[in-house]
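Structure file start-v7.csv (CSV, C-alpha atoms) follows.
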chain,number,residue,atom,x,y,z
F,1,MET,CA,-20.7,-7.2,-10.0
F,2,GLN,CA,-21.3,-3.7,-8.7
F,3,LEU,CA,-18.6,-1.1,-8.5
F,4,TYR,CA,-18.9,2.0,-6.4
F,5,ASN,CA,-16.9,4.3,-8.7
F,6,ALA,CA,-15.6,7.7,-9.4
F,7,ALA,CA,-15.0,8.3,-13.1
F,8,VAL,CA,-12.0,10.6,-12.4
F,9,SER,CA,-10.3,8.3,-9.9
F,10,GLY,CA,-7.2,6.4,-11.1
F,11,ASN,CA,-7.9,3.8,-8.3
F,12,CYS,CA,-11.3,3.1,-9.7
F,13,TYR,CA,-9.9,3.0,-13.3
F,14,LYS,CA,-7.6,0.1,-12.3
F,15,VAL,CA,-10.7,-2.0,-11.6
F,16,ARG,CA,-12.6,-0.9,-14.7
F,17,LEU,CA,-9.5,-1.6,-16.9
F,18,LEU,CA,-8.9,-5.1,-15.6
F,19,ALA,CA,-12.6,-5.9,-15.6
F,20,ALA,CA,-12.7,-4.9,-19.3
F,21,GLN,CA,-9.7,-7.1,-20.1
F,22,LEU,CA,-11.2,-10.0,-18.3
F,23,GLY,CA,-14.7,-9.5,-19.8
F,24,ILE,CA,-16.3,-8.9,-16.5
F,25,ALA,CA,-19.4,-6.6,-16.6
F,26,LEU,CA,-19.7,-4.0,-13.9
F,27,GLU,CA,-22.7,-2.1,-12.8
F,28,LEU,CA,-21.4,1.3,-11.8
F,29,HIS,CA,-22.6,3.5,-8.9
F,30,GLU,CA,-21.0,6.9,-9.3
F,31,LEU,CA,-19.8,8.8,-6.2
F,32,ASP,CA,-18.7,12.4,-5.9
F,33,VAL,CA,-15.0,12.9,-5.0
F,34,VAL,CA,-15.3,16.5,-3.8
F,35,ASP,CA,-18.5,16.4,-1.7
F,36,ARG,CA,-18.0,13.2,0.3
F,37,SER,CA,-20.8,13.8,2.8
F,38,ASP,CA,-22.8,10.8,1.5
F,39,ARG,CA,-19.9,8.4,2.0
F,40,PRO,CA,-21.0,7.0,5.5
F,41,ALA,CA,-24.6,6.4,4.2
F,42,VAL,CA,-23.6,4.8,0.9
F,43,LEU,CA,-20.4,3.0,1.9
F,44,GLY,CA,-20.7,2.6,5.6
F,45,GLN,CA,-21.9,-1.0,5.5
F,46,LEU,CA,-19.5,-1.9,2.7
F,47,SER,CA,-16.1,-0.6,3.7
F,48,PRO,CA,-14.4,0.7,6.9
F,49,VAL,CA,-12.3,3.2,4.9
F,50,LEU,CA,-15.3,4.9,3.1
F,51,ARG,CA,-13.3,5.3,-0.1
F,52,VAL,CA,-13.9,4.2,-3.7
F,53,PRO,CA,-13.5,1.8,-5.4
F,54,VAL,CA,-15.7,-0.7,-3.5
F,55,LEU,CA,-16.5,-3.9,-5.5
F,56,VAL,CA,-19.6,-5.9,-4.4
F,57,LEU,CA,-19.7,-9.5,-5.6
F,58,ASP,CA,-23.0,-11.0,-6.8
F,59,ASP,CA,-23.4,-12.8,-3.5
F,60,GLY,CA,-23.2,-9.4,-1.7
F,61,ARG,CA,-19.7,-9.6,-0.2
F,62,ALA,CA,-17.9,-6.3,-0.5
F,63,MET,CA,-14.2,-5.5,-1.1
F,64,PHE,CA,-12.1,-2.4,-0.6
F,65,GLU,CA,-8.7,-1.1,-1.7
F,66,SER,CA,-8.1,-1.0,-5.5
F,67,ASN,CA,-5.0,-3.1,-5.7
F,68,ALA,CA,-6.4,-5.8,-3.4
F,69,ILE,CA,-9.6,-5.8,-5.6
F,70,ILE,CA,-7.7,-6.3,-8.9
F,71,ASP,CA,-5.5,-9.0,-7.3
F,72,TYR,CA,-8.6,-10.9,-6.3
F,73,LEU,CA,-10.1,-10.6,-9.9
F,74,ALA,CA,-6.7,-11.5,-11.5
F,75,GLU,CA,-6.1,-14.7,-9.5
F,76,GLY,CA,-5.8,-17.7,-11.8
F,77,THR,CA,-5.6,-15.5,-14.9
F,78,PRO,CA,-2.4,-14.5,-16.9
F,79,TYR,CA,-2.6,-11.1,-15.2
F,80,MET,CA,-1.4,-12.6,-11.9
F,81,PRO,CA,1.8,-14.7,-11.9
F,82,SER,CA,1.7,-18.1,-10.1
F,83,ASP,CA,5.4,-18.1,-9.2
F,84,PRO,CA,5.8,-17.1,-5.5
F,85,TYR,CA,8.8,-14.7,-6.2
F,86,GLU,CA,7.0,-13.0,-9.1
F,87,ARG,CA,3.9,-12.6,-6.9
F,88,GLN,CA,6.0,-11.0,-4.3
F,89,GLN,CA,7.3,-8.5,-6.9
F,90,VAL,CA,3.8,-7.7,-8.0
F,91,LEU,CA,2.7,-6.9,-4.5
F,92,ALA,CA,5.9,-4.9,-3.8
F,93,TRP,CA,5.2,-2.6,-6.8
F,94,GLN,CA,1.6,-2.3,-5.7
F,95,PHE,CA,2.5,-1.3,-2.2
F,96,PHE,CA,5.1,1.1,-3.6
F,97,GLU,CA,2.3,2.6,-5.7
F,98,GLN,CA,0.0,3.3,-2.8
F,99,TYR,CA,3.0,4.8,-0.8
F,100,GLU,CA,5.0,6.8,-3.2
F,101,ILE,CA,2.9,7.4,-6.4
F,102,GLU,CA,-0.8,7.7,-5.5
F,103,PRO,CA,-0.4,10.0,-2.4
F,104,ASN,CA,1.6,12.4,-4.6
F,105,LEU,CA,0.5,12.2,-8.2
F,106,ALA,CA,-3.2,11.7,-7.3
F,107,VAL,CA,-3.4,14.4,-4.7
F,108,ALA,CA,-1.6,17.0,-6.9
F,109,ARG,CA,-4.0,16.1,-9.8
F,110,PHE,CA,-7.0,16.4,-7.5
F,111,PHE,CA,-6.3,20.0,-6.6
F,112,GLN,CA,-5.3,20.9,-10.1
F,113,ILE,CA,-8.3,19.4,-12.1
F,114,PHE,CA,-10.9,20.7,-9.6
F,115,GLY,CA,-9.2,24.1,-9.3
F,116,LEU,CA,-9.1,23.8,-5.5
F,117,GLU,CA,-6.6,25.7,-3.3
F,118,PRO,CA,-4.2,23.3,-1.5
F,119,PRO,CA,-2.9,23.9,2.0
F,120,ALA,CA,0.3,26.0,2.0
F,121,GLY,CA,3.4,24.1,0.9
F,122,LEU,CA,1.5,20.9,0.0
F,123,MET,CA,1.9,21.1,-3.7
F,124,ARG,CA,5.7,21.6,-3.4
F,125,GLN,CA,5.9,18.6,-1.1
F,126,LYS,CA,3.8,16.5,-3.4
F,127,GLN,CA,5.9,17.5,-6.4
F,128,ASP,CA,9.2,16.6,-4.6
F,129,ALA,CA,7.9,13.3,-3.2
F,130,GLY,CA,6.2,12.4,-6.5
F,131,ARG,CA,9.4,12.9,-8.4
F,132,ARG,CA,11.3,10.6,-6.1
F,133,GLY,CA,8.6,8.0,-6.7
F,134,LEU,CA,8.9,8.4,-10.5
F,135,GLU,CA,12.6,8.1,-10.2
F,136,ALA,CA,12.2,4.8,-8.4
F,137,LEU,CA,9.7,3.6,-11.0
F,138,GLU,CA,12.1,4.6,-13.8
F,139,ARG,CA,14.8,2.5,-12.1
F,140,GLY,CA,12.5,-0.4,-11.9
F,141,LEU,CA,11.5,-0.2,-15.6
F,142,THR,CA,14.9,0.4,-17.0
F,143,GLY,CA,15.9,-2.5,-19.2
F,144,ARG,CA,12.5,-4.2,-18.7
F,145,SER,CA,9.3,-4.3,-20.8
F,146,PHE,CA,7.0,-4.6,-17.9
F,147,LEU,CA,7.5,-4.4,-14.1
F,148,VAL,CA,7.4,-8.2,-13.3
F,149,ALA,CA,8.2,-11.3,-15.2
F,150,ASP,CA,8.7,-9.4,-18.5
F,151,ARG,CA,5.0,-9.5,-19.2
F,152,TYR,CA,1.8,-7.4,-18.5
F,153,THR,CA,0.4,-8.1,-15.0
F,154,VAL,CA,-1.7,-6.3,-12.4
F,155,ALA,CA,1.5,-4.6,-11.2
F,156,ASP,CA,1.5,-2.6,-14.5
F,157,ILE,CA,-2.2,-1.8,-14.1
F,158,SER,CA,-1.7,-0.5,-10.6
F,159,LEU,CA,1.2,1.7,-11.6
F,160,TYR,CA,-0.4,2.9,-14.8
F,161,GLY,CA,-3.5,4.2,-13.1
F,162,TYR,CA,-2.0,7.5,-11.9
F,163,THR,CA,1.3,7.6,-13.7
F,164,HIS,CA,-0.3,8.0,-17.1
F,165,VAL,CA,-2.2,11.0,-16.0
F,166,GLY,CA,0.7,12.5,-14.1
F,167,ALA,CA,0.7,15.6,-16.3
F,168,GLU,CA,-2.8,16.5,-15.0
F,169,GLY,CA,-1.0,16.9,-11.6
F,170,GLY,CA,1.8,19.0,-13.0
F,171,PHE,CA,4.3,16.1,-13.4
F,172,ASP,CA,6.6,16.2,-16.5
F,173,LEU,CA,7.3,12.6,-17.5
F,174,GLY,CA,9.8,13.8,-20.1
F,175,PRO,CA,12.8,12.9,-17.9
F,176,TYR,CA,11.7,9.3,-17.6
F,177,PRO,CA,12.2,7.5,-21.0
F,178,ALA,CA,11.6,4.0,-19.5
F,179,ILE,CA,8.3,5.1,-18.0
F,180,LEU,CA,7.2,6.7,-21.3
F,181,ALA,CA,7.9,3.6,-23.4
F,182,TRP,CA,6.2,1.4,-20.8
F,183,LEU,CA,3.1,3.6,-20.8
F,184,ASP,CA,2.8,3.0,-24.6
F,185,ARG,CA,3.2,-0.7,-24.1
F,186,VAL,CA,0.5,-0.8,-21.4
F,187,ALA,CA,-1.9,1.2,-23.6
F,188,SER,CA,-1.4,-1.2,-26.5
F,189,GLN,CA,-2.5,-4.3,-24.5
F,190,PRO,CA,-5.5,-6.2,-25.8
F,191,GLY,CA,-8.8,-4.9,-24.4
F,192,HIS,CA,-7.3,-1.7,-23.1
F,193,ILE,CA,-9.7,1.1,-22.2
F,194,SER,CA,-8.9,4.7,-21.4
F,195,ILE,CA,-9.7,6.3,-18.0
F,196,SER,CA,-12.5,8.2,-19.6
F,197,GLY,CA,-13.8,5.4,-21.8
Q,198,MET,CA,18.1,-15.1,5.0
Q,199,GLN,CA,19.5,-11.6,5.3
Q,200,LEU,CA,17.4,-8.7,6.4
Q,201,TYR,CA,18.5,-5.1,5.7
Q,202,ASN,CA,17.0,-3.6,8.8
Q,203,ALA,CA,16.5,-0.6,11.0
Q,204,ALA,CA,15.8,-1.5,14.6
Q,205,VAL,CA,13.5,1.5,15.1
Q,206,SER,CA,11.4,0.8,12.0
Q,207,GLY,CA,7.9,-0.7,12.4
Q,208,ASN,CA,8.1,-1.9,8.8
Q,209,CYS,CA,11.3,-3.9,9.6
Q,210,TYR,CA,9.7,-5.1,12.8
Q,211,LYS,CA,6.8,-6.8,10.8
Q,212,VAL,CA,9.4,-9.0,9.1
Q,213,ARG,CA,11.3,-9.8,12.3
Q,214,LEU,CA,8.1,-10.6,14.1
Q,215,LEU,CA,6.7,-13.0,11.5
Q,216,ALA,CA,10.2,-14.6,11.1
Q,217,ALA,CA,10.3,-15.2,14.8
Q,218,GLN,CA,6.9,-16.8,14.7
Q,219,LEU,CA,7.8,-19.0,11.8
Q,220,GLY,CA,11.2,-20.0,13.2
Q,221,ILE,CA,13.2,-18.3,10.4
Q,222,ALA,CA,16.7,-17.1,11.3
Q,223,LEU,CA,17.6,-13.7,10.0
Q,224,GLU,CA,21.1,-12.2,9.6
Q,225,LEU,CA,20.5,-8.5,10.2
Q,226,HIS,CA,22.3,-5.7,8.4
Q,227,GLU,CA,21.5,-2.5,10.3
Q,228,LEU,CA,21.0,0.8,8.4
Q,229,ASP,CA,20.7,4.4,9.7
Q,230,VAL,CA,17.2,6.0,9.2
Q,231,VAL,CA,18.4,9.6,9.6
Q,232,ASP,CA,21.6,9.6,7.6
Q,233,ARG,CA,20.5,7.8,4.4
Q,234,SER,CA,23.5,8.7,2.3
Q,235,ASP,CA,24.7,5.1,2.0
Q,236,ARG,CA,21.4,3.8,0.7
Q,237,PRO,CA,22.3,3.8,-3.0
Q,238,ALA,CA,25.6,2.0,-2.3
Q,239,VAL,CA,24.1,-0.6,0.1
Q,240,LEU,CA,20.6,-1.1,-1.4
Q,241,GLY,CA,21.0,0.1,-5.0
Q,242,GLN,CA,21.4,-3.4,-6.5
Q,243,LEU,CA,18.7,-4.9,-4.2
Q,244,SER,CA,15.7,-2.5,-4.3
Q,245,PRO,CA,14.5,0.3,-6.7
Q,246,VAL,CA,13.0,2.2,-3.7
Q,247,LEU,CA,16.1,2.3,-1.5
Q,248,ARG,CA,14.1,1.7,1.7
Q,249,VAL,CA,14.3,-0.9,4.4
Q,250,PRO,CA,13.3,-3.7,5.0
Q,251,VAL,CA,14.9,-5.6,2.1
Q,252,LEU,CA,15.0,-9.4,2.5
Q,253,VAL,CA,17.6,-11.4,0.6
Q,254,LEU,CA,16.9,-15.1,0.1
Q,255,ASP,CA,19.6,-17.7,0.4
Q,256,ASP,CA,19.8,-17.8,-3.4
Q,257,GLY,CA,20.5,-14.1,-3.6
Q,258,ARG,CA,17.1,-12.9,-4.8
Q,259,ALA,CA,16.0,-9.7,-3.1
Q,260,MET,CA,12.6,-8.4,-2.0
Q,261,PHE,CA,11.3,-5.0,-1.0
Q,262,GLU,CA,8.1,-3.6,0.7
Q,263,SER,CA,7.4,-4.9,4.2
Q,264,ASN,CA,3.9,-6.2,3.6
Q,265,ALA,CA,4.8,-8.0,0.3
Q,266,ILE,CA,7.8,-9.6,2.2
Q,267,ILE,CA,5.7,-11.0,5.0
Q,268,ASP,CA,3.0,-12.2,2.6
Q,269,TYR,CA,5.7,-14.2,0.7
Q,270,LEU,CA,7.0,-15.7,4.0
Q,271,ALA,CA,3.4,-16.5,5.2
Q,272,GLU,CA,2.2,-18.3,2.1
Q,273,GLY,CA,1.2,-21.8,3.0
Q,274,THR,CA,1.3,-21.2,6.7
Q,275,PRO,CA,-1.6,-20.4,9.1
Q,276,TYR,CA,-0.7,-16.7,9.0
Q,277,MET,CA,-2.0,-16.4,5.4
Q,278,PRO,CA,-5.6,-17.6,4.6
Q,279,SER,CA,-6.1,-19.8,1.6
Q,280,ASP,CA,-9.7,-18.6,1.0
Q,281,PRO,CA,-9.7,-16.1,-1.9
Q,282,TYR,CA,-12.1,-13.6,-0.2
Q,283,GLU,CA,-10.1,-13.8,3.1
Q,284,ARG,CA,-6.9,-13.2,1.1
Q,285,GLN,CA,-8.5,-10.1,-0.5
Q,286,GLN,CA,-9.4,-8.8,3.0
Q,287,VAL,CA,-5.8,-9.4,4.2
Q,288,LEU,CA,-4.4,-7.4,1.3
Q,289,ALA,CA,-7.0,-4.6,1.7
Q,290,TRP,CA,-6.0,-4.0,5.3
Q,291,GLN,CA,-2.3,-4.1,4.3
Q,292,PHE,CA,-2.8,-1.5,1.5
Q,293,PHE,CA,-4.9,0.6,4.0
Q,294,GLU,CA,-1.9,0.4,6.4
Q,295,GLN,CA,0.6,1.8,3.9
Q,296,TYR,CA,-1.9,4.5,2.8
Q,297,GLU,CA,-3.5,5.8,6.1
Q,298,ILE,CA,-1.5,4.4,9.0
Q,299,GLU,CA,2.2,4.3,8.2
Q,300,PRO,CA,2.5,7.7,6.4
Q,301,ASN,CA,0.9,9.4,9.5
Q,302,LEU,CA,1.9,7.4,12.6
Q,303,ALA,CA,5.4,6.5,11.4
Q,304,VAL,CA,6.3,9.9,10.1
Q,305,ALA,CA,5.0,11.7,13.3
Q,306,ARG,CA,6.9,9.2,15.4
Q,307,PHE,CA,10.1,9.7,13.4
Q,308,PHE,CA,10.2,13.4,14.0
Q,309,GLN,CA,9.3,12.9,17.7
Q,310,ILE,CA,11.7,10.2,18.7
Q,311,PHE,CA,14.7,11.8,16.9
Q,312,GLY,CA,13.8,15.3,18.1
Q,313,LEU,CA,13.8,16.6,14.5
Q,314,GLU,CA,12.0,19.8,13.4
Q,315,PRO,CA,9.2,18.9,11.0
Q,316,PRO,CA,8.2,21.3,8.1
Q,317,ALA,CA,5.5,23.8,9.2
Q,318,GLY,CA,2.1,22.3,9.4
Q,319,LEU,CA,3.2,18.8,8.8
Q,320,MET,CA,2.6,17.4,12.4
Q,321,ARG,CA,-0.9,18.8,12.5
Q,322,GLN,CA,-1.7,17.2,9.1
Q,323,LYS,CA,-0.2,13.9,10.2
Q,324,GLN,CA,-2.2,14.0,13.4
Q,325,ASP,CA,-5.5,14.7,11.6
Q,326,ALA,CA,-5.0,12.1,8.9
Q,327,GLY,CA,-3.7,9.5,11.4
Q,328,ARG,CA,-6.8,9.9,13.5
Q,329,ARG,CA,-9.0,9.3,10.5
Q,330,GLY,CA,-6.9,6.1,9.9
Q,331,LEU,CA,-7.3,5.0,13.5
Q,332,GLU,CA,-11.0,5.6,13.3
Q,333,ALA,CA,-11.2,3.3,10.2
Q,334,LEU,CA,-9.2,0.7,12.0
Q,335,GLU,CA,-11.5,0.9,15.0
Q,336,ARG,CA,-14.5,0.4,12.7
Q,337,GLY,CA,-12.8,-2.6,11.2
Q,338,LEU,CA,-12.0,-4.2,14.6
Q,339,THR,CA,-15.3,-3.5,16.3
Q,340,GLY,CA,-17.0,-6.8,17.0
Q,341,ARG,CA,-14.0,-8.8,15.8
Q,342,SER,CA,-11.0,-10.5,17.5
Q,343,PHE,CA,-8.7,-10.0,14.6
Q,344,LEU,CA,-8.9,-8.2,11.3
Q,345,VAL,CA,-9.6,-11.2,9.0
Q,346,ALA,CA,-11.2,-14.6,9.4
Q,347,ASP,CA,-11.4,-14.2,13.2
Q,348,ARG,CA,-7.8,-15.3,13.6
Q,349,TYR,CA,-4.3,-13.9,13.7
Q,350,THR,CA,-2.9,-13.3,10.2
Q,351,VAL,CA,-0.3,-11.2,8.5
Q,352,ALA,CA,-3.0,-8.4,8.3
Q,353,ASP,CA,-2.7,-8.1,12.1
Q,354,ILE,CA,1.1,-8.1,11.9
Q,355,SER,CA,1.0,-5.3,9.3
Q,356,LEU,CA,-1.4,-3.1,11.3
Q,357,TYR,CA,0.3,-3.8,14.6
Q,358,GLY,CA,3.7,-2.6,13.4
Q,359,TYR,CA,3.1,1.1,13.8
Q,360,THR,CA,-0.3,1.2,15.7
Q,361,HIS,CA,1.2,-0.3,18.9
Q,362,VAL,CA,3.8,2.5,19.0
Q,363,GLY,CA,1.3,5.2,18.1
Q,364,ALA,CA,1.9,7.0,21.4
Q,365,GLU,CA,5.6,7.6,20.3
Q,366,GLY,CA,4.2,9.8,17.6
Q,367,GLY,CA,1.8,11.6,19.9
Q,368,PHE,CA,-1.3,9.5,19.1
Q,369,ASP,CA,-3.7,8.8,22.0
Q,370,LEU,CA,-5.2,5.3,21.6
Q,371,GLY,CA,-7.6,5.8,24.5
Q,372,PRO,CA,-10.6,6.6,22.3
Q,373,TYR,CA,-10.2,3.3,20.4
Q,374,PRO,CA,-11.3,0.4,22.7
Q,375,ALA,CA,-11.4,-2.2,19.9
Q,376,ILE,CA,-7.9,-1.3,18.9
Q,377,LEU,CA,-6.6,-1.5,22.5
Q,378,ALA,CA,-8.1,-4.9,23.1
Q,379,TRP,CA,-6.7,-6.2,19.7
Q,380,LEU,CA,-3.2,-4.9,20.5
Q,381,ASP,CA,-3.3,-7.1,23.6
Q,382,ARG,CA,-4.5,-10.1,21.6
Q,383,VAL,CA,-1.7,-9.7,19.1
Q,384,ALA,CA,0.9,-9.3,21.8
Q,385,SER,CA,-0.2,-12.5,23.4
Q,386,GLN,CA,0.2,-14.7,20.3
Q,387,PRO,CA,2.7,-17.6,20.5
Q,388,GLY,CA,6.3,-16.5,19.5
Q,389,HIS,CA,5.5,-12.8,19.8
Q,390,ILE,CA,8.6,-10.6,20.1
Q,391,SER,CA,8.7,-6.8,20.9
Q,392,ILE,CA,9.9,-4.2,18.5
Q,393,SER,CA,13.0,-3.8,20.6
Q,394,GLY,CA,13.6,-7.5,21.4
Give the structure from the file, written as structure tokens.
Amino acid sequence: MQLYNAAVSGNCYKVRLLAAQLGIALELHELDVVDRSDRPAVLGQLSPVLRVPVLVLDDGRAMFESNAIIDYLAEGTPYMPSDPYERQQVLAWQFFEQYEIEPNLAVARFFQIFGLEPPAGLMRQKQDAGRRGLEALERGLTGRSFLVADRYTVADISLYGYTHVGAEGGFDLGPYPAILAWLDRVASQPGHISISG
Amino acid sequence: MQLYNAAVSGNCYKVRLLAAQLGIALELHELDVVDRSDRPAVLGQLSPVLRVPVLVLDDGRAMFESNAIIDYLAEGTPYMPSDPYERQQVLAWQFFEQYEIEPNLAVARFFQIFGLEPPAGLMRQKQDAGRRGLEALERGLTGRSFLVADRYTVADISLYGYTHVGAEGGFDLGPYPAILAWLDRVASQPGHISISG
């Protein structure tokens, strides 16, 4: 399979991490995340949203949205529950991730690691909203080993993607002991790879 | 089933709309979307994210995140495809909705319909990002009757929720002919109810 990828992206990392754990080989096509001028030419026929990751199957069919891609790959494996209620919980955490974690932690990290100047007031807004997201994640993980069904699933992969690099966007995870313990559990799963590896 | 609901919310409307089309009776518990001070007391035991909708099954199990709720309800019905690739496309559009449509169209609409003063610069940012989202949706609908599999699915319900009330947030849908034609097709589906009905 071919992955249109950005090495720095936590969304792309989700796909690389699950593929590694499933033993799926990926041919990577690297895209720039700052200069996006080539996106229409490279991704225009593959995705209406012109963002990475995009996964292209061996038969040429393309997929967009990181969480939807990993759910497709995980179907029928231990990383996706078969119980309907547990599947609902997996999706709920993944939608939460794209609504409250990614738009705050990833955007703050983007400006910080590339040394770019954010619009006035944006970083403060991202910090406040990101902290509310982390508080919700802390509530969800308190008393649990993993987000759903007490075992490692794609929900954990989705939330791990940007949470584990929160410090790169200026987020202090110290106040969230359940998150910190869970990050260690996720990183110790068989076949785990780092975002840079 | 019991639905913790806000009549004005496009996210809650998705659940009411699909429930109506599936013939599922809902007992509604209405929550305020401006004064949210009762959220921890009312939703604290039901959802880590303290947002509506929350659906509570007859056995007491609770669910959060609108798109994850409707996917649970749609499983095994014509509103959710069984083909793995089509299911991936449904999820991709739903994640796109929570990332590029809801945060822009819903937030702009919220400030406008309640006459609240947004933080400086926020409305302009929401207008610009919302237009980019609508352009992606227009690309996805061009040449298609519905988003996935050429038939009405939960992907259409998810995207319809806030797109059809875009004007209430100041979005002009005139430049998007594929979206306009699709809105009419969705509204003419059997069992359709309006957001206020």
Practice item. State, in Å with one decimal place, the distance from atom CA of Ala74 of chain F to atom CA of Val90 of chain F. Key: 11.7 Å
Practice item. Determine, counting all atoms listed in the file, which protein, DNA and RNA residues have an atom within 10 Å of an atom of segment 145-162 of chain F; residues of the same chain fewer than 6 positions away are not included. Present the result as a PyMOL selection string. Key: chain F and resi 9-15+17-18+66-67+70-71+73-75+77-81+83+85-98+101-106+109+137+168-169+178-179+181-183+185-187+189+194-195
Given the selection you just returned, output its residues as a file containing C-alpha atoms, formatted as a PDB file, keeping the file's coordinate frame.
ATOM      1  CA  SER F   9     -10.300   8.300  -9.900  1.00  0.00           C
ATOM      2  CA  GLY F  10      -7.200   6.400 -11.100  1.00  0.00           C
ATOM      3  CA  ASN F  11      -7.900   3.800  -8.300  1.00  0.00           C
ATOM      4  CA  CYS F  12     -11.300   3.100  -9.700  1.00  0.00           C
ATOM      5  CA  TYR F  13      -9.900   3.000 -13.300  1.00  0.00           C
ATOM      6  CA  LYS F  14      -7.600   0.100 -12.300  1.00  0.00           C
ATOM      7  CA  VAL F  15     -10.700  -2.000 -11.600  1.00  0.00           C
ATOM      8  CA  LEU F  17      -9.500  -1.600 -16.900  1.00  0.00           C
ATOM      9  CA  LEU F  18      -8.900  -5.100 -15.600  1.00  0.00           C
ATOM     10  CA  SER F  66      -8.100  -1.000  -5.500  1.00  0.00           C
ATOM     11  CA  ASN F  67      -5.000  -3.100  -5.700  1.00  0.00           C
ATOM     12  CA  ILE F  70      -7.700  -6.300  -8.900  1.00  0.00           C
ATOM     13  CA  ASP F  71      -5.500  -9.000  -7.300  1.00  0.00           C
ATOM     14  CA  LEU F  73     -10.100 -10.600  -9.900  1.00  0.00           C
ATOM     15  CA  ALA F  74      -6.700 -11.500 -11.500  1.00  0.00           C
ATOM     16  CA  GLU F  75      -6.100 -14.700  -9.500  1.00  0.00           C
ATOM     17  CA  THR F  77      -5.600 -15.500 -14.900  1.00  0.00           C
ATOM     18  CA  PRO F  78      -2.400 -14.500 -16.900  1.00  0.00           C
ATOM     19  CA  TYR F  79      -2.600 -11.100 -15.200  1.00  0.00           C
ATOM     20  CA  MET F  80      -1.400 -12.600 -11.900  1.00  0.00           C
ATOM     21  CA  PRO F  81       1.800 -14.700 -11.900  1.00  0.00           C
ATOM     22  CA  ASP F  83       5.400 -18.100  -9.200  1.00  0.00           C
ATOM     23  CA  TYR F  85       8.800 -14.700  -6.200  1.00  0.00           C
ATOM     24  CA  GLU F  86       7.000 -13.000  -9.100  1.00  0.00           C
ATOM     25  CA  ARG F  87       3.900 -12.600  -6.900  1.00  0.00           C
ATOM     26  CA  GLN F  88       6.000 -11.000  -4.300  1.00  0.00           C
ATOM     27  CA  GLN F  89       7.300  -8.500  -6.900  1.00  0.00           C
ATOM     28  CA  VAL F  90       3.800  -7.700  -8.000  1.00  0.00           C
ATOM     29  CA  LEU F  91       2.700  -6.900  -4.500  1.00  0.00           C
ATOM     30  CA  ALA F  92       5.900  -4.900  -3.800  1.00  0.00           C
ATOM     31  CA  TRP F  93       5.200  -2.600  -6.800  1.00  0.00           C
ATOM     32  CA  GLN F  94       1.600  -2.300  -5.700  1.00  0.00           C
ATOM     33  CA  PHE F  95       2.500  -1.300  -2.200  1.00  0.00           C
ATOM     34  CA  PHE F  96       5.100   1.100  -3.600  1.00  0.00           C
ATOM     35  CA  GLU F  97       2.300   2.600  -5.700  1.00  0.00           C
ATOM     36  CA  GLN F  98       0.000   3.300  -2.800  1.00  0.00           C
ATOM     37  CA  ILE F 101       2.900   7.400  -6.400  1.00  0.00           C
ATOM     38  CA  GLU F 102      -0.800   7.700  -5.500  1.00  0.00           C
ATOM     39  CA  PRO F 103      -0.400  10.000  -2.400  1.00  0.00           C
ATOM     40  CA  ASN F 104       1.600  12.400  -4.600  1.00  0.00           C
ATOM     41  CA  LEU F 105       0.500  12.200  -8.200  1.00  0.00           C
ATOM     42  CA  ALA F 106      -3.200  11.700  -7.300  1.00  0.00           C
ATOM     43  CA  ARG F 109      -4.000  16.100  -9.800  1.00  0.00           C
ATOM     44  CA  LEU F 137       9.700   3.600 -11.000  1.00  0.00           C
ATOM     45  CA  GLU F 168      -2.800  16.500 -15.000  1.00  0.00           C
ATOM     46  CA  GLY F 169      -1.000  16.900 -11.600  1.00  0.00           C
ATOM     47  CA  ALA F 178      11.600   4.000 -19.500  1.00  0.00           C
ATOM     48  CA  ILE F 179       8.300   5.100 -18.000  1.00  0.00           C
ATOM     49  CA  ALA F 181       7.900   3.600 -23.400  1.00  0.00           C
ATOM     50  CA  TRP F 182       6.200   1.400 -20.800  1.00  0.00           C
ATOM     51  CA  LEU F 183       3.100   3.600 -20.800  1.00  0.00           C
ATOM     52  CA  ARG F 185       3.200  -0.700 -24.100  1.00  0.00           C
ATOM     53  CA  VAL F 186       0.500  -0.800 -21.400  1.00  0.00           C
ATOM     54  CA  ALA F 187      -1.900   1.200 -23.600  1.00  0.00           C
ATOM     55  CA  GLN F 189      -2.500  -4.300 -24.500  1.00  0.00           C
ATOM     56  CA  SER F 194      -8.900   4.700 -21.400  1.00  0.00           C
ATOM     57  CA  ILE F 195      -9.700   6.300 -18.000  1.00  0.00           C
TER      58      ILE F 195
END
Give the residues of chain F that lie within 7 Å of chain Q; count only C-alpha atoms, and format the answer as a short mmCIF file (atom, residue, chain, number, x, y, z; two decimals) with C-alpha atoms, in the frame of the given file.
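Result file follows (part31.cif):
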data_model
loop_
_atom_site.label_atom_id
_atom_site.label_comp_id
_atom_site.auth_asym_id
_atom_site.auth_seq_id
_atom_site.Cartn_x
_atom_site.Cartn_y
_atom_site.Cartn_z
CA PRO F 48 -14.40 0.70 6.90
CA VAL F 49 -12.30 3.20 4.90
CA PHE F 64 -12.10 -2.40 -0.60
CA GLU F 65 -8.70 -1.10 -1.70
CA ALA F 68 -6.40 -5.80 -3.40
CA ILE F 69 -9.60 -5.80 -5.60
CA TYR F 72 -8.60 -10.90 -6.30
CA PRO F 84 5.80 -17.10 -5.50
CA GLN F 88 6.00 -11.00 -4.30
CA LEU F 91 2.70 -6.90 -4.50
CA ALA F 92 5.90 -4.90 -3.80
CA PHE F 95 2.50 -1.30 -2.20
CA GLN F 98 0.00 3.30 -2.80
CA TYR F 99 3.00 4.80 -0.80
CA ALA F 136 12.20 4.80 -8.40
CA ARG F 139 14.80 2.50 -12.10
CA GLY F 140 12.50 -0.40 -11.90
#
